[in-house]
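Participant: A single structure is presented below for examination.
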Amino acid sequence: MSTSYRIGLVGKPSVGKSSFFNAATMNDVPEGAYPFTTIDPSVGEAFVRVDCAAPEFDEECTPSVGYCDRGTRFVPTKLVDVAGLIPGAHEGNGLGNQFLTDLNETDVLVHVVDFSGTTDAEGEPTESYDPRDDIAFLEEELDQWYLGILEKGIERYASGYTTEDDAIEEELAEQMSAFKTTEDEIKRLIRRVDIGFDPDEWDETDELELAREIRTATKPLMIAANKMDTPAAQENFEEIANDPDYDHLTIVPCSAHAEKALKSADKAGVVDYRPGDADFEITGDVSAGQKEGLEQIRGFLTEYGATGVQAALETALFDVLGVTPVFPGGANGLGNEHGEVLPDCYLIPPNSTAEAFAYSLHSDIGAGFLHAIDCRTNRQLGKDYEVESRDVIEVITTN
Ligand SMILES: Nc1nc2c(ncn2[C@@H]2O[C@H](COP(=O)(O)OP(=O)(O)OP(=O)(O)O)[C@@H](O)[C@H]2O)c(=O)[nH]1
Ligand SMILES: [Mg+2]
């Protein structure tokens, strides 16, 4: 069993969250140039790319989930498309708090921003809207959401409802359990904000700062600059990507439309396109108009290296969250008893040890852990070895 990660797509209405979702998952949820096209969240299967390890062993892999295309493994992960949020959502504006609840289960967020500037703060059509305003508002909105929950925890604590020897971090960890945080983490974050452990001493700024720390720790976020197929978006991107004020953010340029068009054309047998690639081949009969459209997309790929949809998902999971892909293997040949070769590529939490990896395979394997073997070098690995990206590992157990 490997950990199942969920990537959440967030942003104001009409930025292209559902279009991105459809492009990534080949689903068909409604897309529309009007706010709140999406009301109920959708969960779909997307893929992240990992260089397959099998060719290094002169083998061909047989994936049990996902697929492998010319040496690139496409490993499934969950993608969640939620309703748009507008300023004041935490106070009930727009669809209010519902979408926030839908985000609870996500591990990392892709903030989809309309870089073309053709939608206002509410997602209504406009011109020359500054994408910087979107970047700022979303984080503020999420912070307010966290603050509201944090305040409830502080109130509970102050009311003396909890038992005497409860520490504030215990109360807050319980209050914020939906965000998968722990007492230790809350303690560490309170220390980092440096406000002491007596909530009576905290003012509003302290509380907001703590809420923000907890939010960034439990819902890390990156930005997908969408609608990059338009000149206005390209201009905005040029400016913002070169603005030192935005250096702390990861911004991936993308075109949900281009990705969807290429995948659909591939499915129709008109082009050969591997998701995330910088180029494609026209393999079928196309009309002059289709050819022109495809060549336009090719121009985009040449300029930006890819459509950006794959890149955004992989940046979120591998760079922002630090998830490690690892192949369970065998030191004496990669195949298992069923003749499957490297059937799995697991996504495990950052900084996992060999022992933690063994536990993620099965609790019995973790409990019986003797040592692990690096299948590339046949080197023995101890339980504290920190698993690295694309390691091929066999676990040796007592049983
Ligand atoms: N040019 C361009 N337009 C896009 C792109 N992606 C989405 N759009 C358009 O943007 C509009 C909104 O798209 P949706 O995917 O419905 O946006 P959303 O963020 O899901 O909107 P809500 O569900 O209302 O929150 C539609 O008219 C899309 O065709 C893109 O990559 N390029
Ligand atoms: Mg939508």
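Following the order of the structure tokens, chains are lettered A, B, ..., residues in each are numbered from 1, and ligands are numbered from 1.
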Could you list, with a cut-off of 9 Å and counting only C-alpha atoms, the residues of segment 85-125 of chain A near segment 8-20 of chain A, each shown with its nearest atom pair and the distance in Å rounded to one decimal, rows sorted by chain and ascending number, as JSON lines?
Facilitator:
{"residue": "A:Leu85", "atom": "CA", "partner": "A:Lys12", "partner_atom": "CA", "distance": 4.7}
{"residue": "A:Ile86", "atom": "CA", "partner": "A:Lys12", "partner_atom": "CA", "distance": 5.5}
{"residue": "A:Pro87", "atom": "CA", "partner": "A:Lys12", "partner_atom": "CA", "distance": 8.4}
{"residue": "A:Leu103", "atom": "CA", "partner": "A:Gly8", "partner_atom": "CA", "distance": 6.6}
{"residue": "A:Glu105", "atom": "CA", "partner": "A:Gly8", "partner_atom": "CA", "distance": 8.6}
{"residue": "A:Thr106", "atom": "CA", "partner": "A:Gly8", "partner_atom": "CA", "distance": 5.6}
{"residue": "A:Asp107", "atom": "CA", "partner": "A:Gly8", "partner_atom": "CA", "distance": 7.5}
{"residue": "A:Val108", "atom": "CA", "partner": "A:Gly8", "partner_atom": "CA", "distance": 6.3}
{"residue": "A:Leu109", "atom": "CA", "partner": "A:Gly8", "partner_atom": "CA", "distance": 4.7}
{"residue": "A:Val110", "atom": "CA", "partner": "A:Leu9", "partner_atom": "CA", "distance": 5.0}
{"residue": "A:His111", "atom": "CA", "partner": "A:Val10", "partner_atom": "CA", "distance": 4.9}
{"residue": "A:Val112", "atom": "CA", "partner": "A:Gly11", "partner_atom": "CA", "distance": 5.4}
{"residue": "A:Val113", "atom": "CA", "partner": "A:Val15", "partner_atom": "CA", "distance": 5.8}
{"residue": "A:Asp114", "atom": "CA", "partner": "A:Val15", "partner_atom": "CA", "distance": 4.7}
{"residue": "A:Phe115", "atom": "CA", "partner": "A:Val15", "partner_atom": "CA", "distance": 8.4}
{"residue": "A:Thr119", "atom": "CA", "partner": "A:Ser14", "partner_atom": "CA", "distance": 7.0}
{"residue": "A:Asp120", "atom": "CA", "partner": "A:Lys12", "partner_atom": "CA", "distance": 9.0}
{"residue": "A:Ala121", "atom": "CA", "partner": "A:Lys12", "partner_atom": "CA", "distance": 7.0}
{"residue": "A:Glu122", "atom": "CA", "partner": "A:Pro13", "partner_atom": "CA", "distance": 6.5}
{"residue": "A:Gly123", "atom": "CA", "partner": "A:Pro13", "partner_atom": "CA", "distance": 4.6}
{"residue": "A:Glu124", "atom": "CA", "partner": "A:Ser14", "partner_atom": "CA", "distance": 7.6}
{"residue": "A:Pro125", "atom": "CA", "partner": "A:Ser14", "partner_atom": "CA", "distance": 8.8}
Participant: Need to verify the contact set: Gly366 of chain A, 12 Å, only C-alpha atoms, exclusion of same-chain residues closer than 3 positions in sequence. Can you return it as a list in words?
Facilitator: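 These residues fall inside the cut-off: Thr353, Ala354, Glu355, Ala356, Phe357, Ala358, Tyr359, Ser360, Leu361, His362, Ser363, Phe369, Leu370, His371, Ala372, Lys383, Val395, Ile396, Thr397, Thr398 and Asn399 of chain A.
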Participant: Just C-alpha atoms for this one: save the residues we selected as a compact mmCIF listing (two decimals), in the first residue's frame.
Facilitator:
# COMPACT_ATOMS: atom_id res chain seq x y z
CA THR A 353 13.59 5.88 5.96
CA ALA A 354 14.02 2.38 4.57
CA GLU A 355 12.11 1.09 7.59
CA ALA A 356 9.24 3.53 7.00
CA PHE A 357 9.19 2.40 3.38
CA ALA A 358 8.94 -1.22 4.59
CA TYR A 359 5.97 -0.27 6.78
CA SER A 360 4.32 1.44 3.82
CA LEU A 361 4.52 -1.89 1.94
CA HIS A 362 2.89 -3.78 4.79
CA SER A 363 2.94 -3.58 8.58
CA PHE A 369 12.54 -5.44 8.83
CA LEU A 370 16.12 -6.79 8.81
CA HIS A 371 17.70 -4.60 6.18
CA ALA A 372 17.05 -3.35 2.68
CA LYS A 383 16.71 0.97 8.67
CA VAL A 395 13.27 -5.27 1.85
CA ILE A 396 14.64 -8.34 3.64
CA THR A 397 12.59 -9.45 6.62
CA THR A 398 12.85 -11.95 9.43
CA ASN A 399 9.77 -13.81 8.29
Participant: With only C-alpha atoms and all ligand atoms as the atoms that count, which of A:Pro328, A:Pro231, A:Gly368, A:Gly160 lies nearest to ligand 1?
Facilitator: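 Among the listed residues, the smallest separation from ligand 1 belongs to A:Pro231.
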Participant: Go through A:Phe197, A:Tyr146, A:Phe36, A:Phe99 and flag the residue nearest ligand 2, using only C-alpha atoms and all ligand atoms for the distances.
Facilitator: A:Phe36
Participant: Nearest to ligand 2: which of A:Gln175, A:Thr126, A:Ser42, A:Asn93 is it, counting only C-alpha atoms and all ligand atoms?
Facilitator: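 Closest to ligand 2, using only C-alpha atoms and all ligand atoms: A:Ser42.
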Participant: Determine the nearest neighbour of Asp81 of chain A from the options A:Val50, A:Ala24, A:Leu262, A:Ile214, counting only C-alpha atoms.
Facilitator: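 Selected residue with least distance to Asp81 of chain A: A:Ala24.
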Participant: Would you list, as a list in words, the residues of segment 86-266 of chain A that end up in strand (DSSP E or B) under DSSP run on this structure's backbone?
Facilitator: Val108, Leu109, Val110, His111, Val112, Val113, Asp114, Thr119, Pro125, Leu221, Met222, Ile223, Ala224, Ala225, Asn226, Ile251, Val252 and Pro253 of chain A
Participant: Could you pull out the residues in segment 260-373 of chain A that DSSP calls helix (DSSP H, G or I) from the backbone, as a ChimeraX atom specification?
Facilitator: /A:260-267,288-304,309-320,354-361,363-367
Participant: Create the file for the chosen residues now, containing C-alpha atoms and written as an mmCIF file, in the first residue's frame.
Facilitator:
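Writing the result to selection_3.cif gives the following:
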data_model
loop_
_atom_site.group_PDB
_atom_site.id
_atom_site.type_symbol
_atom_site.label_atom_id
_atom_site.label_comp_id
_atom_site.auth_asym_id
_atom_site.auth_seq_id
_atom_site.Cartn_x
_atom_site.Cartn_y
_atom_site.Cartn_z
ATOM 1 C CA LYS A 260 -6.724 19.015 -23.661
ATOM 2 C CA ALA A 261 -6.436 19.602 -27.426
ATOM 3 C CA LEU A 262 -3.304 17.462 -27.726
ATOM 4 C CA LYS A 263 -4.638 14.623 -25.592
ATOM 5 C CA SER A 264 -7.904 14.589 -27.511
ATOM 6 C CA ALA A 265 -6.048 14.591 -30.837
ATOM 7 C CA ASP A 266 -3.848 11.754 -29.576
ATOM 8 C CA LYS A 267 -6.908 9.780 -28.515
ATOM 9 C CA ALA A 288 -5.775 22.764 -43.050
ATOM 10 C CA GLY A 289 -7.572 24.398 -40.129
ATOM 11 C CA GLN A 290 -6.662 21.601 -37.717
ATOM 12 C CA LYS A 291 -3.086 21.710 -38.905
ATOM 13 C CA GLU A 292 -2.914 25.424 -38.251
ATOM 14 C CA GLY A 293 -4.312 24.948 -34.746
ATOM 15 C CA LEU A 294 -1.826 22.185 -33.997
ATOM 16 C CA GLU A 295 1.091 24.238 -35.314
ATOM 17 C CA GLN A 296 0.015 27.065 -33.051
ATOM 18 C CA ILE A 297 0.164 24.705 -30.095
ATOM 19 C CA ARG A 298 3.573 23.499 -31.261
ATOM 20 C CA GLY A 299 4.732 27.103 -31.182
ATOM 21 C CA PHE A 300 3.519 27.323 -27.575
ATOM 22 C CA LEU A 301 5.363 24.134 -26.601
ATOM 23 C CA THR A 302 8.552 25.427 -28.176
ATOM 24 C CA GLU A 303 8.274 28.669 -26.218
ATOM 25 C CA TYR A 304 7.322 27.209 -22.815
ATOM 26 C CA VAL A 309 -0.321 20.731 -16.943
ATOM 27 C CA GLN A 310 2.001 17.798 -16.173
ATOM 28 C CA ALA A 311 4.681 20.174 -14.915
ATOM 29 C CA ALA A 312 2.247 21.801 -12.465
ATOM 30 C CA LEU A 313 1.155 18.446 -10.987
ATOM 31 C CA GLU A 314 4.719 17.199 -10.658
ATOM 32 C CA THR A 315 5.965 20.462 -9.174
ATOM 33 C CA ALA A 316 3.188 20.279 -6.588
ATOM 34 C CA LEU A 317 3.884 16.697 -5.591
ATOM 35 C CA PHE A 318 7.651 16.338 -5.976
ATOM 36 C CA ASP A 319 8.987 19.852 -5.354
ATOM 37 C CA VAL A 320 6.460 21.550 -3.094
ATOM 38 C CA ALA A 354 14.023 2.381 4.574
ATOM 39 C CA GLU A 355 12.113 1.091 7.593
ATOM 40 C CA ALA A 356 9.237 3.534 7.001
ATOM 41 C CA PHE A 357 9.189 2.397 3.382
ATOM 42 C CA ALA A 358 8.941 -1.223 4.590
ATOM 43 C CA TYR A 359 5.974 -0.270 6.777
ATOM 44 C CA SER A 360 4.321 1.439 3.822
ATOM 45 C CA LEU A 361 4.523 -1.889 1.944
ATOM 46 C CA SER A 363 2.937 -3.577 8.581
ATOM 47 C CA ASP A 364 4.348 -7.148 8.757
ATOM 48 C CA ILE A 365 7.199 -6.189 6.440
ATOM 49 C CA GLY A 366 7.931 -3.144 8.581
ATOM 50 C CA ALA A 367 7.800 -5.156 11.813
#
Participant: With only C-alpha atoms as the counted atoms, please give the residues lying no more than 10 Å from segment 147-151 of chain A, apart from itself and same-chain residues fewer than 5 positions off, as a short mmCIF file (atom, residue, chain, number, x, y, z; two decimals) with C-alpha atoms, in the first residue's frame.
Facilitator:
data_model
loop_
_atom_site.label_atom_id
_atom_site.label_comp_id
_atom_site.auth_asym_id
_atom_site.auth_seq_id
_atom_site.Cartn_x
_atom_site.Cartn_y
_atom_site.Cartn_z
CA HIS A 90 -14.82 32.52 4.80
CA GLU A 91 -17.72 34.85 5.74
CA GLU A 141 -8.79 33.78 2.23
CA LEU A 142 -7.21 30.49 3.28
CA ARG A 156 -12.35 26.27 24.02
CA TYR A 157 -9.05 26.38 25.80
CA GLU A 171 -6.20 21.70 22.14
CA LEU A 172 -5.23 23.28 18.81
CA ALA A 173 -4.04 20.01 17.30
CA GLN A 175 -9.34 21.50 16.84
CA MET A 176 -7.36 21.39 13.59
CA GLU A 204 -5.06 39.24 16.76
CA GLU A 207 -3.21 34.55 15.98
CA LEU A 208 -3.29 35.40 12.28
CA GLU A 209 0.42 34.77 12.01
CA LEU A 210 0.05 31.38 13.68
CA ALA A 211 -2.92 30.53 11.45
CA ARG A 212 -0.78 31.39 8.43
CA ILE A 214 -0.25 26.25 10.18
CA ARG A 215 -1.84 26.83 6.78
#
Participant: Extract, using only C-alpha atoms, all DNA, RNA and protein residues at most 10 Å from Pro199 of chain A, discarding same-chain residues fewer than 4 positions from it, and format them as a ChimeraX atom specification.
Facilitator: /A:154-155,157-158,168,195,203,206-207
